[in-house]
Amino acid sequence: ETKELNAFQLLRAALSGEYKGATIGLTDEVQDLIKELSNFSEIELPKGINATLRPYQRRGFSWMYRNAKIGFGSVLADDMGLGKTLQVITTLLKYKEDGLLNDEKALVVAPTGLLTNWEAEIEKFAPDLKTKVFHGTGRKLEKNDDFDVLISSYGIIRSDAKELKKRKWQTLIIDEAQNIKNSNTEQAKAVKSLGANHFIALSGTPVENRLSELWSIMDYSNRGFFGNIKEFNESYGIPIQQFNDENAADKLKKVTAPFLMRRLKSDKTI
């Protein structure tokens, strides 16, 4: 029996060049789409950015912005210290300059200890972005609050998901995304219950123990793209973890490449 493939399955097959072990031929149109996913041109920096971005940071910003433009989310997995926050702030400022934050705002979720850090970095690098920290016992979200970026913590998302869900967000950004690595925790479910036009995850370690952690973070950033966890484990988790299957690992690399960017400090080009 041949089931109709959904759009995500088709895209996964196209990116890896095969479906269930059979090589597939791609039309020129699909090849062009894949090319566009793997190559992107540098986007002009927002005018109000108060920092000099290094070439690899400009590339990260251009990639996140381009993915959002074509309807995909991004997982930025650069090593710690390579300026993931700055790359995201640049992207947010570009959204604002494009008018994308006029009606729907950005929501940043970070561990509690990083909230003031986010606030300070936005103030420093993009003073045009208005922030509001949504935390603490007296927190209130008013209809007429004037902010571009709401900054909150994982704990608050868990307790206030219902209220935050009432708003449609332009973009949802999660910092230290390994906080949702176990997809069946209340925390991961609360984060994934929030709707936005697109999603960004930041993580220095997208995989700590198991590939299912990568699935959870990819599933957050591009809902449904990797199918369910069972499908993912059959295609990648089990072959790679139990049998060191290089073909499966190579396929996983190909299907994640457009949506996951990881640069290492040790990389000479950085």
# chains A, B, ... in the order shown; residues from 1 in each chain; ligands from 1
call {"tool": "residues_around", "arguments": {"residues": "Gln57 of chain A", "least_positions_apart": "5", "cutoff": "10 Å", "atoms": "only C-alpha atoms", "output": "JSON, numbers by chain"}}
result
{"A": [52, 62, 63, 78, 82, 83, 84, 86, 87, 88, 90, 270]}
call {"tool": "write_last_selection", "arguments": {"atoms": "N, CA and C atoms", "output": "JSON list (two decimals), in the first residue's frame"}}
result
[["chain", "number", "residue", "atom", "x", "y", "z"],
["A", 52, "THR", "N", 29.25, 45.38, 16.20],
["A", 52, "THR", "CA", 29.87, 44.93, 14.96],
["A", 52, "THR", "C", 29.83, 43.41, 14.96],
["A", 62, "SER", "N", 21.57, 36.04, 9.17],
["A", 62, "SER", "CA", 20.97, 35.95, 7.84],
["A", 62, "SER", "C", 20.18, 34.65, 7.68],
["A", 63, "TRP", "N", 20.76, 33.58, 8.23],
["A", 63, "TRP", "CA", 20.13, 32.26, 8.12],
["A", 63, "TRP", "C", 18.84, 32.19, 8.93],
["A", 78, "ASP", "N", 25.46, 27.10, 18.26],
["A", 78, "ASP", "CA", 26.87, 27.50, 18.37],
["A", 78, "ASP", "C", 27.39, 27.22, 19.77],
["A", 82, "LEU", "N", 30.03, 32.27, 21.52],
["A", 82, "LEU", "CA", 30.09, 32.71, 20.12],
["A", 82, "LEU", "C", 29.00, 33.74, 19.79],
["A", 83, "GLY", "N", 28.28, 34.18, 20.83],
["A", 83, "GLY", "CA", 27.33, 35.28, 20.62],
["A", 83, "GLY", "C", 26.00, 34.89, 20.02],
["A", 84, "LYS", "N", 25.40, 33.80, 20.54],
["A", 84, "LYS", "CA", 24.07, 33.40, 20.04],
["A", 84, "LYS", "C", 23.04, 34.49, 20.34],
["A", 86, "LEU", "N", 23.40, 37.74, 20.66],
["A", 86, "LEU", "CA", 23.55, 38.88, 19.75],
["A", 86, "LEU", "C", 22.94, 38.57, 18.38],
["A", 87, "GLN", "N", 23.15, 37.35, 17.90],
["A", 87, "GLN", "CA", 22.60, 36.98, 16.58],
["A", 87, "GLN", "C", 21.07, 37.04, 16.60],
["A", 88, "VAL", "N", 20.49, 36.61, 17.73],
["A", 88, "VAL", "CA", 19.03, 36.64, 17.85],
["A", 88, "VAL", "C", 18.51, 38.07, 18.00],
["A", 90, "THR", "N", 19.83, 40.72, 16.84],
["A", 90, "THR", "CA", 19.93, 41.33, 15.50],
["A", 90, "THR", "C", 18.71, 40.93, 14.66],
["A", 270, "ILE", "N", 36.45, 30.70, 12.50],
["A", 270, "ILE", "CA", 35.86, 31.59, 13.50],
["A", 270, "ILE", "C", 36.96, 32.27, 14.29]]
call {"tool": "residues_around", "arguments": {"residues": "segment 163-174 of chain A", "least_positions_apart": "2", "cutoff": "6 Å", "atoms": "only C-alpha atoms", "output": "list of chain:residue names"}}
result
A:Glu104, A:Lys105, A:Ala106, A:Leu107, A:Val108, A:Val109, A:Asp160, A:Ala161, A:Ala177, A:Leu194, A:Ala196, A:Asn197, A:His198, A:Phe199, A:Ile200, A:Ala201
call {"tool": "write_last_selection", "arguments": {"atoms": "N, CA and C atoms", "output": "mmCIF file, in the first residue's frame"}}
result
data_model
loop_
_atom_site.group_PDB
_atom_site.id
_atom_site.type_symbol
_atom_site.label_atom_id
_atom_site.label_comp_id
_atom_site.auth_asym_id
_atom_site.auth_seq_id
_atom_site.Cartn_x
_atom_site.Cartn_y
_atom_site.Cartn_z
ATOM 1 N N GLU A 104 2.054 41.612 16.427
ATOM 2 C CA GLU A 104 2.425 40.410 17.178
ATOM 3 C C GLU A 104 3.856 40.596 17.685
ATOM 4 N N LYS A 105 4.055 40.251 18.934
ATOM 5 C CA LYS A 105 5.346 40.546 19.577
ATOM 6 C C LYS A 105 6.234 39.304 19.667
ATOM 7 N N ALA A 106 7.442 39.505 20.173
ATOM 8 C CA ALA A 106 8.370 38.391 20.361
ATOM 9 C C ALA A 106 8.348 37.966 21.824
ATOM 10 N N LEU A 107 8.478 36.672 22.051
ATOM 11 C CA LEU A 107 8.550 36.143 23.412
ATOM 12 C C LEU A 107 9.860 35.373 23.553
ATOM 13 N N VAL A 108 10.666 35.779 24.532
ATOM 14 C CA VAL A 108 11.925 35.085 24.817
ATOM 15 C C VAL A 108 11.765 34.328 26.129
ATOM 16 N N VAL A 109 12.059 33.034 26.115
ATOM 17 C CA VAL A 109 11.984 32.212 27.323
ATOM 18 C C VAL A 109 13.402 31.761 27.669
ATOM 19 N N ASP A 160 1.917 29.911 33.574
ATOM 20 C CA ASP A 160 1.061 30.906 32.910
ATOM 21 C C ASP A 160 0.797 30.625 31.431
ATOM 22 N N ALA A 161 1.014 29.373 31.033
ATOM 23 C CA ALA A 161 0.849 29.043 29.608
ATOM 24 C C ALA A 161 -0.521 29.482 29.091
ATOM 25 N N ALA A 177 17.909 25.608 25.242
ATOM 26 C CA ALA A 177 16.786 24.767 24.804
ATOM 27 C C ALA A 177 16.835 23.348 25.349
ATOM 28 N N LEU A 194 2.582 26.948 23.023
ATOM 29 C CA LEU A 194 2.471 28.354 22.630
ATOM 30 C C LEU A 194 2.557 28.494 21.110
ATOM 31 N N ALA A 196 3.169 30.560 17.584
ATOM 32 C CA ALA A 196 3.913 31.700 17.040
ATOM 33 C C ALA A 196 4.051 31.484 15.539
ATOM 34 N N ASN A 197 4.408 32.552 14.835
ATOM 35 C CA ASN A 197 4.619 32.404 13.392
ATOM 36 C C ASN A 197 5.883 31.610 13.099
ATOM 37 N N HIS A 198 6.884 31.769 13.961
ATOM 38 C CA HIS A 198 8.051 30.893 13.841
ATOM 39 C C HIS A 198 8.816 30.821 15.142
ATOM 40 N N PHE A 199 9.725 29.858 15.184
ATOM 41 C CA PHE A 199 10.350 29.459 16.442
ATOM 42 C C PHE A 199 11.867 29.406 16.295
ATOM 43 N N ILE A 200 12.561 29.834 17.352
ATOM 44 C CA ILE A 200 14.020 29.745 17.379
ATOM 45 C C ILE A 200 14.413 29.074 18.691
ATOM 46 N N ALA A 201 15.354 28.134 18.616
ATOM 47 C CA ALA A 201 15.897 27.503 19.818
ATOM 48 C C ALA A 201 17.394 27.770 19.873
#
call {"tool": "residues_around", "arguments": {"residues": "segment 31-37 of chain A", "least_positions_apart": "3", "cutoff": "9 Å", "atoms": "only C-alpha atoms", "output": "PyMOL selection string"}}
result
chain A and resi 11+14-15+26-28+40+67+257-259
call {"tool": "write_last_selection", "arguments": {"atoms": "N, CA, C and O atoms", "output": "compact mmCIF listing (two decimals), in the first residue's frame"}}
result
# COMPACT_ATOMS: atom_id res chain seq x y z
N LEU A 11 9.55 16.58 2.10
CA LEU A 11 10.72 17.43 2.24
C LEU A 11 11.89 16.65 2.85
O LEU A 11 13.03 16.76 2.41
N ALA A 14 13.25 14.51 0.17
CA ALA A 14 13.99 15.32 -0.81
C ALA A 14 15.36 15.72 -0.27
O ALA A 14 16.37 15.67 -0.98
N LEU A 15 15.41 16.11 1.02
CA LEU A 15 16.69 16.55 1.60
C LEU A 15 17.68 15.40 1.70
O LEU A 15 18.87 15.58 1.50
N LEU A 26 14.63 13.72 -8.06
CA LEU A 26 13.99 14.99 -7.71
C LEU A 26 13.76 15.84 -8.96
O LEU A 26 14.63 15.94 -9.81
N THR A 27 12.61 16.48 -9.03
CA THR A 27 12.36 17.37 -10.15
C THR A 27 13.25 18.61 -10.00
O THR A 27 13.73 18.91 -8.90
N ASP A 28 13.43 19.35 -11.08
CA ASP A 28 14.26 20.57 -11.04
C ASP A 28 13.73 21.54 -10.00
O ASP A 28 14.49 22.19 -9.30
N PHE A 40 22.06 30.51 1.21
CA PHE A 40 21.24 31.72 1.41
C PHE A 40 22.19 32.90 1.33
O PHE A 40 23.38 32.78 1.63
N ASN A 67 15.22 31.75 7.18
CA ASN A 67 14.35 30.62 7.54
C ASN A 67 12.96 31.12 7.93
O ASN A 67 11.95 30.57 7.51
N ALA A 257 20.34 19.75 8.45
CA ALA A 257 21.25 20.83 8.04
C ALA A 257 20.58 22.20 7.79
O ALA A 257 21.08 23.21 8.27
N PRO A 258 19.45 22.25 7.07
CA PRO A 258 18.89 23.59 6.81
C PRO A 258 18.35 24.29 8.05
O PRO A 258 18.17 25.50 8.06
N PHE A 259 18.08 23.50 9.12
CA PHE A 259 17.38 24.07 10.27
C PHE A 259 18.22 24.09 11.54
O PHE A 259 17.76 24.54 12.58
call {"tool": "closest_residue", "arguments": {"among": "A:Lys94, A:Asp103, A:Lys192, A:Leu252", "to": "Asn144 of chain A", "atoms": "only C-alpha atoms"}}
result
A:Asp103
call {"tool": "closest_residue", "arguments": {"among": "A:Arg54, A:Lys162, A:Lys140, A:Lys20", "to": "Glu234 of chain A", "atoms": "only C-alpha atoms"}}
result
A:Lys20
call {"tool": "atom_distance", "arguments": {"atom1": "atom CA of Lys130 of chain A", "atom2": "atom CA of Ile151 of chain A"}}
result
10.7 Å
call {"tool": "atom_distance", "arguments": {"atom1": "atom CA of Met80 of chain A", "atom2": "atom CA of Gly204 of chain A"}}
result
5.8 Å
call {"tool": "closest_residue", "arguments": {"among": "A:Thr256, A:Ser212, A:Asn179, A:Thr205", "to": "Ile238 of chain A", "atoms": "only C-alpha atoms"}}
result
A:Ser212
call {"tool": "residues_around", "arguments": {"residues": "Leu93 of chain A", "least_positions_apart": "2", "cutoff": "9 Å", "atoms": "only C-alpha atoms", "output": "ChimeraX atom specification"}}
result
/A:46-49,88-91,95-98,126,128-129
call {"tool": "write_last_selection", "arguments": {"atoms": "all heavy atoms", "output": "short mmCIF file (atom, residue, chain, number, x, y, z; two decimals), in the first residue's frame"}}
result
data_model
loop_
_atom_site.label_atom_id
_atom_site.label_comp_id
_atom_site.auth_asym_id
_atom_site.auth_seq_id
_atom_site.Cartn_x
_atom_site.Cartn_y
_atom_site.Cartn_z
N PRO A 46 20.13 45.14 10.39
CA PRO A 46 19.21 46.22 10.76
C PRO A 46 20.01 47.50 11.04
O PRO A 46 21.13 47.43 11.54
CB PRO A 46 18.54 45.69 12.03
CG PRO A 46 19.41 44.60 12.54
CD PRO A 46 20.13 44.03 11.36
N LYS A 47 19.40 48.62 10.72
CA LYS A 47 20.14 49.90 10.84
C LYS A 47 20.49 50.22 12.28
O LYS A 47 21.56 50.77 12.56
CB LYS A 47 19.29 51.03 10.24
CG LYS A 47 19.14 50.89 8.75
CD LYS A 47 18.19 51.95 8.17
CE LYS A 47 17.84 51.60 6.73
NZ LYS A 47 17.29 50.22 6.59
N GLY A 48 19.60 49.88 13.21
CA GLY A 48 19.82 50.31 14.59
C GLY A 48 20.71 49.41 15.43
O GLY A 48 20.79 49.59 16.64
N ILE A 49 21.37 48.42 14.83
CA ILE A 49 22.14 47.49 15.66
C ILE A 49 23.42 48.17 16.15
O ILE A 49 24.15 48.80 15.40
CB ILE A 49 22.44 46.14 14.95
CG1 ILE A 49 22.88 45.06 15.95
CG2 ILE A 49 23.43 46.27 13.81
CD1 ILE A 49 21.81 44.49 16.82
N VAL A 88 20.49 36.61 17.73
CA VAL A 88 19.03 36.64 17.85
C VAL A 88 18.51 38.07 18.00
O VAL A 88 17.51 38.45 17.38
CB VAL A 88 18.56 35.77 19.05
CG1 VAL A 88 17.09 36.02 19.36
CG2 VAL A 88 18.78 34.30 18.73
N ILE A 89 19.21 38.87 18.80
CA ILE A 89 18.79 40.27 18.99
C ILE A 89 18.81 41.01 17.65
O ILE A 89 17.91 41.79 17.33
CB ILE A 89 19.68 40.96 20.05
CG1 ILE A 89 19.40 40.37 21.43
CG2 ILE A 89 19.45 42.48 20.06
CD1 ILE A 89 20.39 40.79 22.53
N THR A 90 19.83 40.72 16.84
CA THR A 90 19.93 41.33 15.50
C THR A 90 18.71 40.93 14.66
O THR A 90 18.11 41.76 13.97
CB THR A 90 21.23 40.88 14.80
OG1 THR A 90 22.33 41.14 15.67
CG2 THR A 90 21.45 41.64 13.51
N THR A 91 18.33 39.66 14.75
CA THR A 91 17.18 39.16 14.01
C THR A 91 15.89 39.85 14.48
O THR A 91 15.06 40.28 13.67
CB THR A 91 17.05 37.62 14.19
OG1 THR A 91 18.32 37.01 13.89
CG2 THR A 91 16.00 37.03 13.28
N TYR A 95 13.25 42.28 12.44
CA TYR A 95 11.79 42.09 12.40
C TYR A 95 11.11 43.43 12.70
O TYR A 95 10.15 43.80 12.05
CB TYR A 95 11.31 41.09 13.46
CG TYR A 95 11.70 39.65 13.27
CD1 TYR A 95 11.62 38.75 14.33
CD2 TYR A 95 12.14 39.17 12.04
CE1 TYR A 95 11.97 37.42 14.18
CE2 TYR A 95 12.49 37.84 11.89
CZ TYR A 95 12.41 36.97 12.96
OH TYR A 95 12.75 35.65 12.83
N LYS A 96 11.61 44.11 13.72
CA LYS A 96 10.96 45.37 14.12
C LYS A 96 11.06 46.39 12.97
O LYS A 96 10.08 47.06 12.64
CB LYS A 96 11.60 45.94 15.38
CG LYS A 96 11.01 47.32 15.70
CD LYS A 96 11.15 47.79 17.11
CE LYS A 96 10.41 49.13 17.25
NZ LYS A 96 10.34 49.58 18.62
N GLU A 97 12.25 46.49 12.39
CA GLU A 97 12.43 47.46 11.30
C GLU A 97 11.58 47.10 10.08
O GLU A 97 11.21 47.96 9.30
CB GLU A 97 13.93 47.59 10.95
CG GLU A 97 14.71 48.29 12.06
CD GLU A 97 16.20 48.50 11.76
OE1 GLU A 97 16.65 48.19 10.63
OE2 GLU A 97 16.92 48.95 12.67
N ASP A 98 11.26 45.81 9.94
CA ASP A 98 10.38 45.36 8.85
C ASP A 98 8.91 45.52 9.18
O ASP A 98 8.05 45.16 8.39
CB ASP A 98 10.61 43.87 8.56
CG ASP A 98 11.90 43.63 7.79
OD1 ASP A 98 12.57 44.60 7.42
OD2 ASP A 98 12.24 42.45 7.58
N ALA A 126 20.45 46.77 20.96
CA ALA A 126 19.30 47.19 20.14
C ALA A 126 18.36 48.04 20.98
O ALA A 126 17.23 47.65 21.29
CB ALA A 126 18.57 45.96 19.61
N ASP A 128 16.44 50.24 20.38
CA ASP A 128 15.12 50.51 19.78
C ASP A 128 14.09 49.44 20.15
O ASP A 128 12.89 49.66 19.98
CB ASP A 128 15.22 50.56 18.24
CG ASP A 128 16.03 51.76 17.77
OD1 ASP A 128 16.34 52.63 18.61
OD2 ASP A 128 16.36 51.82 16.57
N LEU A 129 14.53 48.30 20.60
CA LEU A 129 13.59 47.24 20.99
C LEU A 129 13.12 47.48 22.42
O LEU A 129 13.93 47.57 23.33
CB LEU A 129 14.26 45.86 20.91
CG LEU A 129 14.50 45.24 19.54
CD1 LEU A 129 15.32 43.96 19.68
CD2 LEU A 129 13.19 44.93 18.81
#
call {"tool": "closest_residue", "arguments": {"among": "A:Leu115, A:Leu45, A:Ile180, A:Val191", "to": "Phe134 of chain A", "atoms": "only C-alpha atoms"}}
result
A:Leu115
call {"tool": "select_by_dssp", "arguments": {"residues": "segment 59-222 of chain A", "states": "helix (DSSP H, G or I)", "output": "MDAnalysis selection string"}}
result
chainID A and resid 59:69 84:97 112:125 154:165 177:180 186:192 211:221
call {"tool": "residues_around", "arguments": {"residues": "Asp219 of chain A", "least_positions_apart": "5", "cutoff": "10 Å", "atoms": "only C-alpha atoms", "output": "PDB file with C-alpha atoms, in the first residue's frame"}}
result
ATOM      1  CA  GLY A  73      12.205  27.654  12.488  1.00  0.00           C
ATOM      2  CA  SER A 183       9.443  15.978  25.371  1.00  0.00           C
ATOM      3  CA  LYS A 192       5.237  23.628  22.749  1.00  0.00           C
ATOM      4  CA  GLU A 213      16.648  15.227  22.841  1.00  0.00           C
ATOM      5  CA  LEU A 214      17.508  16.511  19.393  1.00  0.00           C
ATOM      6  CA  GLY A 224       5.808  18.051  12.820  1.00  0.00           C
ATOM      7  CA  PHE A 225       8.758  18.182  10.422  1.00  0.00           C
ATOM      8  CA  PHE A 226      10.457  15.143  11.989  1.00  0.00           C
ATOM      9  CA  GLY A 227       7.257  13.185  12.405  1.00  0.00           C
ATOM     10  CA  ASN A 228       6.567  11.706  15.823  1.00  0.00           C
ATOM     11  CA  ILE A 229       9.212  10.374  18.192  1.00  0.00           C
TER      12      ILE A 229
END
call {"tool": "select_by_dssp", "arguments": {"residues": "segment 152-238 of chain A", "states": "strand (DSSP E or B)", "output": "list in words"}}
result
Ser152, Ser153, Trp169, Gln170, Thr171, Leu172, Ile173, Ile174, Ala196, Asn197, His198, Phe199, Ile200, Ala201 and Leu202 of chain A
call {"tool": "closest_residue", "arguments": {"among": "A:Leu211, A:Leu264, A:Val75, A:Met218", "to": "Gln241 of chain A", "atoms": "only C-alpha atoms"}}
result
A:Leu211
call {"tool": "atom_distance", "arguments": {"atom1": "atom CA of Ile156 of chain A", "atom2": "atom CA of Met261 of chain A"}}
result
28.1 Å
call {"tool": "closest_residue", "arguments": {"among": "A:Arg66, A:Ser153, A:Asn182, A:Ala51", "to": "Lys124 of chain A", "atoms": "only C-alpha atoms"}}
result
A:Ala51
